[in-house]
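Raw contents of work_4.txt, compact mmCIF, C-alpha atoms and all ligand atoms:
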```
# COMPACT_ATOMS: atom_id res chain seq x y z
CA VAL A 1 0.00 0.00 0.00
CA THR A 2 1.44 3.32 -1.03
CA GLY A 3 2.47 5.51 1.85
CA SER A 4 1.82 2.88 4.48
CA LYS A 5 5.31 2.96 5.94
CA GLY A 6 5.23 3.15 9.70
CA ARG A 7 1.59 2.13 9.85
CA PRO A 8 0.79 -0.47 12.53
CA ALA A 9 0.21 -3.88 10.97
CA GLY A 10 -3.45 -4.10 11.94
CA VAL A 11 -4.29 -0.93 10.12
CA GLN A 12 -3.11 -2.41 6.83
CA ALA A 13 -6.33 -4.40 6.85
CA ALA A 14 -8.39 -1.24 6.97
CA ARG A 15 -11.30 -1.43 4.61
CA GLN A 16 -10.84 2.05 3.29
CA ARG A 17 -7.35 3.20 2.65
CA VAL A 18 -6.72 6.89 2.34
CA ALA A 19 -3.57 7.59 0.39
CA PRO A 20 -1.57 10.42 1.92
CA GLY A 21 -1.34 12.25 -1.39
CA GLY A 22 1.64 14.32 -2.39
CA THR A 23 0.86 17.48 -0.43
CA GLN A 24 2.41 18.60 2.83
CA GLU A 25 -1.03 18.65 4.40
CA GLY A 26 -1.82 15.18 3.11
CA LEU A 27 1.40 13.87 4.59
CA ARG A 28 0.69 15.48 7.95
CA ARG A 29 -2.83 14.04 7.97
CA HIS A 30 -1.39 10.62 7.24
CA ASN A 31 1.20 10.94 10.00
CA LEU A 32 -1.37 12.14 12.54
CA GLY A 33 -3.57 9.14 11.70
CA THR A 34 -0.66 6.73 11.85
CA LEU A 35 0.50 8.01 15.23
CA LEU A 36 -3.02 7.77 16.61
CA ALA A 37 -3.38 4.24 15.18
CA HIS A 38 -0.23 3.15 17.02
CA LEU A 39 -1.65 4.44 20.30
CA HIS A 40 -5.10 3.01 19.57
CA LEU A 41 -3.71 -0.48 19.00
CA ALA A 42 -0.65 -0.59 21.26
CA GLY A 43 -1.79 1.62 24.14
CA PRO A 44 0.36 4.31 25.77
CA LEU A 45 3.78 4.83 24.18
CA SER A 46 6.60 7.24 24.92
CA ARG A 47 7.66 9.79 22.32
CA ALA A 48 10.86 7.79 21.88
CA GLU A 49 8.88 4.64 21.11
CA LEU A 50 6.70 6.54 18.64
CA THR A 51 9.81 7.97 17.00
CA ALA A 52 11.23 4.47 16.57
CA ARG A 53 7.99 2.93 15.32
CA MET A 54 7.22 5.64 12.78
CA GLY A 55 10.72 6.39 11.56
CA LEU A 56 10.18 10.16 11.90
CA ASN A 57 12.37 12.64 13.75
CA ARG A 58 11.69 13.73 17.31
CA SER A 59 10.51 17.22 16.53
CA THR A 60 7.97 15.92 14.02
CA ILE A 61 6.64 13.48 16.62
CA ALA A 62 6.45 16.30 19.19
CA GLY A 63 4.43 18.44 16.77
CA LEU A 64 2.03 15.59 15.99
CA VAL A 65 1.55 14.78 19.67
CA SER A 66 0.77 18.38 20.56
CA GLU A 67 -1.73 18.66 17.72
CA LEU A 68 -3.50 15.50 18.92
CA ALA A 69 -3.41 16.77 22.50
CA ALA A 70 -5.03 20.04 21.39
CA LEU A 71 -7.78 17.93 19.78
CA ASP A 72 -8.28 16.12 23.13
CA ALA A 73 -7.37 12.82 21.47
CA VAL A 74 -4.27 12.12 23.59
CA ARG A 75 -2.66 13.32 26.77
CA GLU A 76 0.85 13.04 28.05
CA GLU A 77 1.33 11.76 31.53
CA ARG A 78 3.77 9.99 33.76
CA PRO A 79 3.28 6.23 33.59
CA ALA A 80 1.80 4.70 36.73
CA GLY A 81 4.48 3.83 39.30
CA VAL A 82 7.08 6.31 38.06
CA GLN A 83 7.89 9.00 40.62
CA ALA A 84 8.10 12.64 39.71
CA SER A 85 11.27 13.10 41.72
CA ALA A 86 13.18 10.49 39.68
CA GLY A 87 15.00 13.09 37.60
CA ARG A 88 13.52 14.15 34.31
CA PRO A 89 9.94 12.88 34.09
CA SER A 90 9.49 10.34 31.32
CA LEU A 91 6.06 10.87 29.87
CA VAL A 92 3.92 8.50 27.85
CA VAL A 93 1.38 9.53 25.24
CA GLN A 94 -1.96 8.04 26.12
CA PRO A 95 -5.03 7.69 23.87
CA ARG A 96 -8.04 9.35 25.52
CA SER A 97 -10.89 6.92 25.88
CA ASP A 98 -12.81 9.44 27.97
CA THR A 99 -13.08 12.12 25.29
CA VAL A 100 -13.02 10.24 21.99
CA GLN A 101 -15.48 7.41 21.60
CA ALA A 102 -17.23 5.33 18.94
CA VAL A 103 -20.45 3.35 18.79
CA ALA A 104 -20.25 -0.37 18.00
CA ALA A 105 -23.32 -2.47 17.27
CA ASP A 106 -23.67 -6.19 16.70
CA VAL A 107 -26.96 -7.11 15.09
CA GLY A 108 -27.63 -10.81 15.64
CA VAL A 109 -30.57 -12.89 14.53
CA ARG A 110 -31.96 -12.90 18.07
CA GLN A 111 -30.49 -9.85 19.80
CA VAL A 112 -28.88 -6.46 19.23
CA THR A 113 -25.85 -5.43 21.29
CA VAL A 114 -24.68 -1.82 21.30
CA ALA A 115 -21.55 -0.55 23.01
CA LEU A 116 -19.65 2.66 23.43
CA ALA A 117 -15.93 2.10 22.95
CA GLY A 118 -13.17 4.50 23.88
CA LEU A 119 -10.14 5.35 21.76
CA GLY A 120 -7.68 2.56 22.57
CA GLY A 121 -10.39 -0.07 22.33
CA ASP A 122 -11.94 -0.31 25.79
CA VAL A 123 -15.67 -0.85 25.94
CA VAL A 124 -16.97 1.94 28.16
CA THR A 125 -20.57 0.80 28.43
CA ARG A 126 -22.99 -1.53 26.64
CA ARG A 127 -26.63 -2.56 26.28
CA GLN A 128 -28.31 -5.63 24.78
CA ARG A 129 -31.91 -6.20 23.81
CA GLN A 130 -33.80 -9.10 22.24
CA VAL A 131 -35.09 -8.66 18.69
CA THR A 132 -38.84 -9.12 18.77
CA GLU A 133 -39.65 -7.75 15.32
CA PRO A 134 -36.89 -8.66 12.86
CA THR A 135 -37.75 -6.13 10.12
CA PRO A 136 -34.96 -3.77 9.01
CA GLU A 137 -36.96 -0.73 10.22
CA ALA A 138 -37.69 -2.19 13.65
CA VAL A 139 -34.11 -3.38 14.14
CA ALA A 140 -32.78 0.04 13.07
CA GLU A 141 -35.09 1.70 15.58
CA LEU A 142 -34.08 -0.73 18.33
CA LEU A 143 -30.42 -0.10 17.60
CA ALA A 144 -30.87 3.68 17.56
CA SER A 145 -32.83 3.64 20.82
CA LEU A 146 -30.02 1.67 22.49
CA VAL A 147 -27.51 4.23 21.20
CA ARG A 148 -29.62 7.09 22.59
CA THR A 149 -29.74 5.35 25.95
CA LEU A 150 -25.96 4.95 26.00
CA LEU A 151 -25.38 8.56 25.02
CA SER A 152 -27.77 9.89 27.65
CA ASP A 153 -25.37 8.60 30.30
CA PRO A 154 -23.53 11.69 31.59
CA ALA A 155 -20.38 9.60 32.04
CA ALA A 156 -20.30 8.88 28.32
CA GLY A 157 -17.76 10.49 26.04
CA ARG A 158 -17.58 13.89 24.48
CA HIS A 159 -16.94 13.28 20.83
CA ILE A 160 -18.58 10.32 19.09
CA VAL A 161 -16.58 9.76 15.92
CA GLY A 162 -18.97 7.34 14.23
CA ALA A 163 -20.78 4.04 14.42
CA GLY A 164 -19.80 0.59 13.15
CA VAL A 165 -22.60 -1.94 12.71
CA SER A 166 -22.19 -5.68 12.20
CA ILE A 167 -24.78 -7.67 10.25
CA PRO A 168 -24.95 -11.45 9.71
CA GLY A 169 -25.34 -11.03 5.98
CA ILE A 170 -23.91 -9.78 2.72
CA VAL A 171 -23.42 -6.02 2.90
CA ARG A 172 -22.74 -3.57 0.10
CA GLN A 173 -19.86 -1.60 1.49
CA ARG A 174 -20.55 1.69 -0.24
CA ASP A 175 -23.94 2.40 1.34
CA GLY A 176 -24.50 -0.28 3.98
CA CYS A 177 -27.28 -1.91 2.01
CA VAL A 178 -27.83 -5.47 3.27
CA ARG A 179 -28.09 -7.37 -0.01
CA PHE A 180 -28.96 -10.64 1.64
CA ALA A 181 -29.20 -11.78 5.24
CA PRO A 182 -30.95 -15.16 4.96
CA ASN A 183 -31.24 -15.76 8.68
CA LEU A 184 -32.79 -12.34 9.27
CA GLY A 185 -34.96 -12.76 6.19
CA TRP A 186 -33.67 -9.52 4.64
CA THR A 187 -33.05 -8.89 0.95
CA ASP A 188 -31.79 -5.52 -0.31
CA ALA A 189 -32.57 -3.79 2.98
CA PRO A 190 -31.16 -0.21 3.07
CA PHE A 191 -30.09 -0.78 6.66
CA GLY A 192 -27.20 1.68 6.67
CA GLU A 193 -29.58 4.47 5.59
CA LEU A 194 -32.22 3.43 8.11
CA VAL A 195 -29.72 3.66 10.96
CA GLN A 196 -28.08 6.82 9.60
CA ARG A 197 -31.42 8.60 9.45
CA ARG A 198 -31.98 7.85 13.14
CA LEU A 199 -28.49 8.89 14.28
CA GLU A 200 -28.13 12.27 12.66
CA GLY A 201 -24.63 13.70 12.74
CA MET A 202 -23.01 10.31 13.24
CA ARG A 203 -21.24 8.52 10.40
CA VAL A 204 -22.61 4.98 10.18
CA HIS A 205 -20.70 2.12 8.55
CA VAL A 206 -22.14 -1.36 8.13
CA GLY A 207 -20.08 -4.53 7.73
CA ASN A 208 -20.40 -8.30 7.63
CA ASP A 209 -20.06 -10.01 11.01
CA ALA A 210 -17.32 -12.45 10.03
CA ASP A 211 -15.32 -9.76 8.19
CA LEU A 212 -15.44 -7.66 11.35
CA GLY A 213 -14.55 -10.64 13.53
CA ALA A 214 -11.49 -11.20 11.35
CA LEU A 215 -10.56 -7.51 11.61
CA ALA A 216 -10.86 -7.53 15.41
CA GLU A 217 -8.81 -10.70 15.88
CA TYR A 218 -6.21 -9.34 13.45
CA ARG A 219 -5.87 -6.02 15.26
CA ARG A 220 -6.36 -7.07 18.86
CA GLY A 221 -6.71 -10.82 19.24
CA ALA A 222 -5.40 -14.21 18.20
CA ALA A 223 -4.28 -13.04 14.74
CA ARG A 224 -2.04 -10.12 15.77
CA GLY A 225 0.98 -10.23 13.52
CA VAL A 226 -0.53 -13.02 11.37
CA ASP A 227 -1.02 -11.79 7.82
CA ASN A 228 -3.03 -14.74 6.48
CA VAL A 229 -6.00 -15.49 8.66
CA VAL A 230 -9.52 -16.78 8.20
CA PHE A 231 -12.19 -16.10 10.80
CA ILE A 232 -15.23 -18.37 10.66
CA SER A 233 -18.28 -17.29 12.62
CA CYS A 234 -21.38 -19.26 13.45
CA GLU A 235 -24.37 -17.84 15.21
CA VAL A 236 -27.31 -19.21 13.24
CA GLY A 237 -25.59 -19.32 9.87
CA VAL A 238 -21.91 -19.58 9.02
CA GLY A 239 -19.84 -16.67 7.73
CA GLY A 240 -16.22 -16.13 6.85
CA GLY A 241 -13.82 -13.21 6.99
CA LEU A 242 -10.47 -13.47 5.24
CA ILE A 243 -7.35 -11.37 5.65
CA LEU A 244 -4.74 -12.35 3.08
CA ASP A 245 -1.27 -10.84 2.91
CA GLY A 246 -2.42 -8.32 5.50
CA ARG A 247 -5.44 -7.05 3.56
CA SER A 248 -9.12 -7.81 3.98
CA LEU A 249 -10.32 -9.91 1.06
CA ARG A 250 -13.36 -8.10 -0.26
CA GLY A 251 -13.96 -9.15 -3.84
CA ALA A 252 -15.58 -7.02 -6.51
CA GLY A 253 -18.54 -5.83 -4.41
CA GLY A 254 -17.34 -6.55 -0.90
CA TYR A 255 -19.20 -9.87 -0.81
CA ALA A 256 -16.24 -12.26 -0.67
CA GLY A 257 -15.82 -14.86 2.04
CA GLU A 258 -19.29 -16.40 2.24
CA LEU A 259 -17.82 -19.69 3.36
CA GLY A 260 -21.14 -20.88 4.78
CA HIS A 261 -22.44 -21.19 1.24
CA MET A 262 -19.67 -23.30 -0.24
CA THR A 263 -21.32 -26.42 -1.60
CA VAL A 264 -19.99 -29.36 0.38
CA ARG A 265 -22.75 -31.88 -0.31
CA PRO A 266 -24.44 -31.54 -3.72
CA GLY A 267 -28.14 -32.30 -3.40
CA GLY A 268 -27.91 -32.08 0.39
CA ARG A 269 -30.25 -30.26 2.72
CA PRO A 270 -31.91 -27.07 1.48
CA CYS A 271 -30.20 -23.88 2.63
CA ARG A 272 -31.82 -20.54 3.51
CA CYS A 273 -29.95 -19.09 0.53
CA GLY A 274 -31.97 -21.22 -1.89
CA ALA A 275 -29.23 -23.71 -2.77
CA ARG A 276 -28.71 -27.18 -1.37
CA GLY A 277 -25.86 -28.78 0.50
CA CYS A 278 -24.16 -25.57 1.62
CA TRP A 279 -21.59 -25.94 4.40
CA GLU A 280 -23.99 -24.03 6.68
CA THR A 281 -26.62 -26.76 6.30
CA GLU A 282 -24.14 -29.29 7.74
CA VAL A 283 -22.55 -27.24 10.53
CA GLY A 284 -24.93 -24.32 11.26
CA ALA A 285 -27.15 -23.99 14.32
CA ALA A 286 -30.05 -25.92 12.75
CA ALA A 287 -27.81 -28.86 11.83
CA ILE A 288 -26.30 -28.97 15.30
CA ALA A 289 -29.73 -28.76 16.95
CA GLN A 290 -31.01 -31.56 14.77
CA ALA A 291 -27.98 -33.75 15.43
CA LEU A 292 -28.43 -33.32 19.17
CA GLY A 293 -32.15 -34.07 18.94
CA MET A 294 -33.28 -30.63 20.13
CA PRO A 295 -34.62 -28.86 17.03
CA ASP A 296 -36.55 -26.21 18.97
CA ALA A 297 -33.86 -25.33 21.49
CA SER A 298 -32.98 -21.73 22.26
CA MET A 299 -29.46 -20.63 21.39
CA ASP A 300 -28.41 -20.65 25.05
CA ASP A 301 -29.70 -24.21 25.50
CA LEU A 302 -28.01 -25.29 22.29
CA VAL A 303 -24.66 -23.83 23.34
CA ALA A 304 -24.98 -25.55 26.73
CA ALA A 305 -25.86 -28.85 25.04
CA VAL A 306 -22.87 -28.69 22.68
CA ARG A 307 -20.56 -27.94 25.60
CA SER A 308 -21.77 -30.93 27.57
CA ALA A 309 -22.31 -33.38 24.71
CA PRO A 310 -19.90 -36.29 24.20
CA GLY A 311 -17.64 -35.49 21.26
CA GLY A 312 -15.89 -38.83 20.83
CA ARG A 313 -15.92 -41.01 17.72
CA GLY A 314 -19.37 -42.05 16.57
CA SER A 315 -21.13 -39.30 18.55
CA ALA A 316 -23.63 -36.93 16.96
CA LEU A 317 -21.24 -34.06 17.59
CA ALA A 318 -18.36 -35.94 15.95
CA GLU A 319 -20.34 -36.05 12.73
CA ILE A 320 -20.86 -32.27 12.80
CA ALA A 321 -17.17 -31.88 13.67
CA GLY A 322 -16.30 -33.98 10.62
CA TRP A 323 -18.16 -31.52 8.40
CA VAL A 324 -16.41 -28.62 10.13
CA GLY A 325 -13.11 -30.24 9.10
CA VAL A 326 -14.29 -30.64 5.49
CA GLY A 327 -15.09 -26.96 5.17
CA VAL A 328 -11.87 -25.84 6.82
CA ALA A 329 -9.93 -28.15 4.47
CA ASN A 330 -11.49 -26.40 1.47
CA VAL A 331 -10.45 -23.03 2.88
CA VAL A 332 -6.93 -24.30 3.61
CA ASN A 333 -6.52 -25.65 0.09
CA LEU A 334 -7.84 -22.42 -1.40
CA VAL A 335 -5.99 -19.69 0.52
CA ASN A 336 -3.20 -21.32 2.62
CA PRO A 337 -3.89 -19.46 5.89
CA GLN A 338 -1.50 -19.58 8.85
CA LEU A 339 -4.45 -19.35 11.19
CA VAL A 340 -8.12 -20.35 11.07
CA ILE A 341 -10.21 -19.04 13.97
CA LEU A 342 -13.43 -20.88 14.73
CA GLY A 343 -15.98 -18.64 16.46
CA GLY A 344 -19.49 -18.89 17.88
CA LEU A 345 -21.03 -22.37 17.88
CA LEU A 346 -18.11 -23.72 15.86
CA GLU A 347 -15.83 -22.81 18.75
CA ASP A 348 -17.95 -25.00 21.02
CA VAL A 349 -17.98 -27.85 18.48
CA PHE A 350 -14.22 -27.57 18.07
CA VAL A 351 -13.59 -27.65 21.81
CA ALA A 352 -15.93 -30.62 22.31
CA ALA A 353 -14.80 -32.69 19.30
CA GLU A 354 -11.38 -31.41 18.23
CA THR A 355 -10.11 -34.88 17.25
CA SER A 356 -12.90 -35.32 14.71
CA VAL A 357 -12.39 -31.83 13.27
CA ARG A 358 -8.69 -32.53 12.81
CA ALA A 359 -9.21 -36.02 11.38
CA SER A 360 -11.50 -34.90 8.56
CA LEU A 361 -9.39 -31.80 7.99
CA SER A 362 -6.22 -33.78 7.47
CA ALA A 363 -8.03 -36.29 5.25
CA ALA A 364 -9.22 -33.55 2.90
CA ALA A 365 -6.52 -30.86 3.05
CA LEU A 366 -3.31 -30.92 1.06
CA SER A 367 -0.45 -31.61 3.40
CA ALA A 368 1.72 -28.64 2.40
CA PRO A 369 -0.79 -25.93 3.38
CA ALA A 370 -2.17 -28.07 6.24
CA GLU A 371 1.31 -28.21 7.81
CA GLN A 372 1.30 -24.42 8.10
CA LEU A 373 -2.13 -24.18 9.66
CA ARG A 374 -2.99 -23.34 13.25
CA LEU A 375 -6.60 -23.85 14.35
CA GLN A 376 -7.70 -21.68 17.22
CA VAL A 377 -10.68 -20.11 18.98
CA PRO A 378 -11.17 -16.32 19.17
CA GLU A 379 -9.04 -14.56 21.74
CA LEU A 380 -11.64 -11.83 22.16
CA GLY A 381 -14.31 -14.39 23.01
CA ALA A 382 -17.95 -13.49 22.53
CA ASP A 383 -16.97 -9.84 21.94
CA THR A 384 -15.00 -10.45 18.75
CA VAL A 385 -17.62 -9.18 16.33
CA LEU A 386 -18.55 -6.21 18.52
CA ALA A 387 -14.86 -5.27 18.75
CA GLY A 388 -14.66 -5.46 14.95
CA ALA A 389 -17.67 -3.16 14.60
CA ALA A 390 -15.85 -0.66 16.81
CA GLU A 391 -12.74 -0.92 14.63
CA LEU A 392 -14.92 -0.17 11.60
CA ALA A 393 -16.19 2.95 13.36
CA TRP A 394 -12.63 4.10 14.11
CA GLU A 395 -11.43 4.01 10.51
CA ASP A 396 -12.53 7.53 9.56
CA LEU A 397 -10.77 8.92 12.62
CA LEU A 398 -7.54 7.01 12.00
CA ALA A 399 -7.52 8.19 8.39
CA ASP A 400 -7.92 11.87 9.31
CA PRO A 401 -7.97 12.65 13.05
CA ALA A 402 -8.08 16.43 12.77
CA GLY A 403 -10.75 16.40 10.07
CA VAL A 404 -13.02 14.13 12.11
CA LEU A 405 -12.46 15.75 15.50
CA ARG A 406 -12.94 19.29 14.21
CA ARG A 407 -16.20 18.49 12.49
CA PRO A 408 -19.30 19.00 14.59
CA GLY A 409 -20.07 15.42 15.54
CA HIS A 410 -22.79 13.70 17.44
CA ARG A 411 -22.08 14.94 20.94
CA VAL A 412 -23.52 13.81 24.20
CA SER A 413 -24.72 17.32 24.91
CA ASP A 414 -27.04 17.02 21.90
CA PRO A 415 -30.62 16.61 23.04
CA PRO A 416 -31.65 12.96 22.68
CA ARG A 417 -33.62 12.46 19.49
CA THR A 418 -37.00 10.89 19.83
ZN ZN A 501 -26.49 -21.54 1.26
```
Kindly present the structure from the file in structure tokens form.
Ligand SMILES: [Zn+2]
Amino acid sequence: VTGSKGRPAGVQAARQRVAPGGTQEGLRRHNLGTLLAHLHLAGPLSRAELTARMGLNRSTIAGLVSELAALDAVREERPAGVQASAGRPSLVVQPRSDTVQAVAADVGVRQVTVALAGLGGDVVTRRQRQVTEPTPEAVAELLASLVRTLLSDPAAGRHIVGAGVSIPGIVRQRDGCVRFAPNLGWTDAPFGELVQRRLEGMRVHVGNDADLGALAEYRRGAARGVDNVVFISCEVGVGGGLILDGRSLRGAGGYAGELGHMTVRPGGRPCRCGARGCWETEVGAAAIAQALGMPDASMDDLVAAVRSAPGGRGSALAEIAGWVGVGVANVVNLVNPQLVILGGLLEDVFVAAETSVRASLSAAALSAPAEQLRLQVPELGADTVLAGAAELAWEDLLADPAGVLRRPGHRVSDPPRT
């Protein structure tokens, strides 16, 4: 990527790259964003550490830090435990999670979770509510009402830089239109617009849940420093997010990575997408529920059942695990990842029946790429997708901190919209 020198690795996977351009101002904007990205991902750093990481001289770093401090995005302070009397104070530059915050939302098939995250990544506060009416309009309203509740908290932050929203479906990146979310029953739902209209003054970005899970694990979790990683999510359906050579794989329209709809069993069970024998029909929530003989179970009951079910050879779970291995083998043969992260229900299946997953994987995968593979569960746990939604919300800020922080944003002092 042109002009990406000195950029922290995680930010290479950013979905929108803003080239610094040839101008002095463009270069400064790029450097401000890069410095802030280092602090956002690594936490407090001294000026000397920033100088080393960015390859810029000390006076340039000092100028960037003071500009960010004037924008209330960072502050310099003595690290905890270091005494003022110990000679010259050694300060660290700290990202300000109290003044600069973003909204993250994870829209699931059954519930909506909304959080306020501070610069640096900490979740400041959160709310969750069940989805009772799964229409795009009703879910947008539910989401917006949760955001209003969070922002009415006087302890919440001062400048809200934007909102990132995760959807279990295929999302058109440019306008947040949900082209297809089979398990929500949505086709061509203008969800980004519906949310944007309700959160005036806030920039809203919508992304696919597995893409955002991959982004979060790459920046902050199990995939830090791993440039070829596949994140596979499973709530009701199965989704995939791929980062290859340090870049998110998007495809022509941003729809790449729909691993749940790889055909693994021609003529197999009908899928919500209209095809038959998709991977999702063999390893998704419905398949697991059926295998365990509890087709009407709630998600919580299903998760509990998977965790306590026997996973040994010949068990119902072992058969599901075998299909998990088949799908992972296809991914391994196709893109040669160093790391595949199994999230959601697939994490529980993997933990309960790892031997069966590995047996079918090694039977179907080519040995050269399989030798390089690590299989793992998400390091960020159940919050992976939510953390990814927050990262999506931060991208405008990290591309142009001064531009975003100087623009009149959605502030807590705004009267709540009804
Ligand atoms: Zn399908």
Set the distance at 9 Å and use only C-alpha atoms: which residues neighbour Gln376 (chain A) once local chain neighbours fewer than 6 positions away are removed? I'd like the list as a list in words. Ala222, Leu339, Val340, Ile341, Leu342, Gly343, Glu347 and Phe350 of chain A
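For ligand ZN 501 (chain A), the set of protein, DNA and RNA residues within 9 Å, based on all atoms listed in the file, reads Pro182, Gly237, Glu258, Gly260, His261, Met262, Thr263, Pro270, Cys271, Arg272, Cys273, Gly274, Ala275, Arg276, Gly277, Cys278, Trp279, Glu280 and Thr281 of chain A.
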Keeping C-alpha atoms for every residue in the selection just given, could you write it to a file as a compact mmCIF listing (two decimals), keeping the file's coordinate frame?
```
# COMPACT_ATOMS: atom_id res chain seq x y z
CA PRO A 182 -30.95 -15.16 4.96
CA GLY A 237 -25.59 -19.32 9.87
CA GLU A 258 -19.29 -16.40 2.24
CA GLY A 260 -21.14 -20.88 4.78
CA HIS A 261 -22.44 -21.19 1.24
CA MET A 262 -19.67 -23.30 -0.24
CA THR A 263 -21.32 -26.42 -1.60
CA PRO A 270 -31.91 -27.07 1.48
CA CYS A 271 -30.20 -23.88 2.63
CA ARG A 272 -31.82 -20.54 3.51
CA CYS A 273 -29.95 -19.09 0.53
CA GLY A 274 -31.97 -21.22 -1.89
CA ALA A 275 -29.23 -23.71 -2.77
CA ARG A 276 -28.71 -27.18 -1.37
CA GLY A 277 -25.86 -28.78 0.50
CA CYS A 278 -24.16 -25.57 1.62
CA TRP A 279 -21.59 -25.94 4.40
CA GLU A 280 -23.99 -24.03 6.68
CA THR A 281 -26.62 -26.76 6.30
```
Sorted by chain and rising residue number, list the residues of region 13-62 of chain A at most 7 Å from region 393-398 of chain A (counting all atoms listed in the file), each with its closest atom pair and distance in Å to one decimal, as CSV.
```
residue,atom,partner,partner_atom,distance
A:Gly33,CA,A:Leu398,CA,4.5
A:Thr34,CA,A:Leu398,CA,6.9
A:Leu36,CA,A:Leu398,CA,6.5
A:Ala37,CA,A:Leu398,CA,5.9
```
May I have the residues within 8 Å of Val283 (chain A) as a PyMOL selection string, using only C-alpha atoms and disregarding those fewer than 3 positions away in the same chain? chain A and resi 238+279-280+286-288+320-321+323-324+346
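If you look at CA of Val131 (chain A) and CA of Asp211 (chain A), they are 22.4 Å away from each other.
What separates CA of Arg58 (chain A) from CA of Gly120 (chain A) is a distance of 23.0 Å.
Distance-wise, CA of Ser360 (chain A) and CA of Gly381 (chain A) end up 25.2 Å apart.
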Which residues are near region 95-100 of chain A? Cut-off 8 Å, all atoms listed in the file, ignore same chain within fewer than 6 positions. Put them as a PyMOL selection string. chain A and resi 36+39-40+43-44+72-75+117-122+156-161
Which residues, written as a ChimeraX atom specification, have at least one atom at most 8 Å from region 104-112 of chain A, with only C-alpha atoms counted and residues fewer than 2 positions away on the same chain left out? /A:102,114-117,128-132,134,139,142-143,163-168,183-184,209,235-236,385-387,389-390,393
Find the residues around region 22-29 of chain A up to 12 Å (all atoms listed in the file counted), leave out those fewer than 5 positions away in its own chain, and share them as a PyMOL selection string. chain A and resi 2-5+34-36+56+60-61+63-65+67-68+396-404
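With distances taken over all atoms listed in the file, A:Gly314 is the one residue among A:Pro190, A:Gly314, A:Pro378, A:Gly388 lying closest to Ser356 (chain A).
For the choices A:Leu71, A:Val326, A:Ala42, A:Met202, the atom-to-atom distance to Gln94 (chain A) is smallest for A:Ala42 when using all atoms listed in the file.
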Filled-in N, CA and C atoms of region 157-168 of chain A, supplied as an mmCIF file, in the frame of the given file:
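The result, written out as out02.cif:
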```
data_model
loop_
_atom_site.group_PDB
_atom_site.id
_atom_site.type_symbol
_atom_site.label_atom_id
_atom_site.label_comp_id
_atom_site.auth_asym_id
_atom_site.auth_seq_id
_atom_site.Cartn_x
_atom_site.Cartn_y
_atom_site.Cartn_z
ATOM 1 N N GLY A 157 -18.813 9.641 26.580
ATOM 2 C CA GLY A 157 -17.760 10.490 26.040
ATOM 3 C C GLY A 157 -18.218 11.775 25.398
ATOM 4 N N ARG A 158 -17.263 12.588 25.018
ATOM 5 C CA ARG A 158 -17.580 13.890 24.480
ATOM 6 C C ARG A 158 -17.762 13.877 22.986
ATOM 7 N N HIS A 159 -16.831 13.241 22.290
ATOM 8 C CA HIS A 159 -16.940 13.280 20.830
ATOM 9 C C HIS A 159 -17.144 11.853 20.303
ATOM 10 N N ILE A 160 -18.284 11.636 19.667
ATOM 11 C CA ILE A 160 -18.580 10.320 19.090
ATOM 12 C C ILE A 160 -18.164 10.384 17.620
ATOM 13 N N VAL A 161 -17.154 9.598 17.262
ATOM 14 C CA VAL A 161 -16.580 9.760 15.920
ATOM 15 C C VAL A 161 -17.347 9.001 14.846
ATOM 16 N N GLY A 162 -18.219 8.074 15.237
ATOM 17 C CA GLY A 162 -18.970 7.340 14.230
ATOM 18 C C GLY A 162 -19.509 6.055 14.818
ATOM 19 N N ALA A 163 -20.206 5.310 13.969
ATOM 20 C CA ALA A 163 -20.780 4.040 14.420
ATOM 21 C C ALA A 163 -20.417 2.939 13.428
ATOM 22 N N GLY A 164 -20.040 1.787 13.962
ATOM 23 C CA GLY A 164 -19.800 0.590 13.150
ATOM 24 C C GLY A 164 -20.854 -0.442 13.505
ATOM 25 N N VAL A 165 -21.487 -1.011 12.487
ATOM 26 C CA VAL A 165 -22.600 -1.940 12.710
ATOM 27 C C VAL A 165 -22.301 -3.257 12.022
ATOM 28 N N SER A 166 -22.413 -4.351 12.768
ATOM 29 C CA SER A 166 -22.190 -5.680 12.200
ATOM 30 C C SER A 166 -23.519 -6.351 11.882
ATOM 31 N N ILE A 167 -23.560 -6.991 10.718
ATOM 32 C CA ILE A 167 -24.780 -7.670 10.250
ATOM 33 C C ILE A 167 -24.411 -9.099 9.830
ATOM 34 N N PRO A 168 -25.232 -10.093 10.190
ATOM 35 C CA PRO A 168 -24.950 -11.450 9.710
ATOM 36 C C PRO A 168 -25.482 -11.629 8.287
#
```
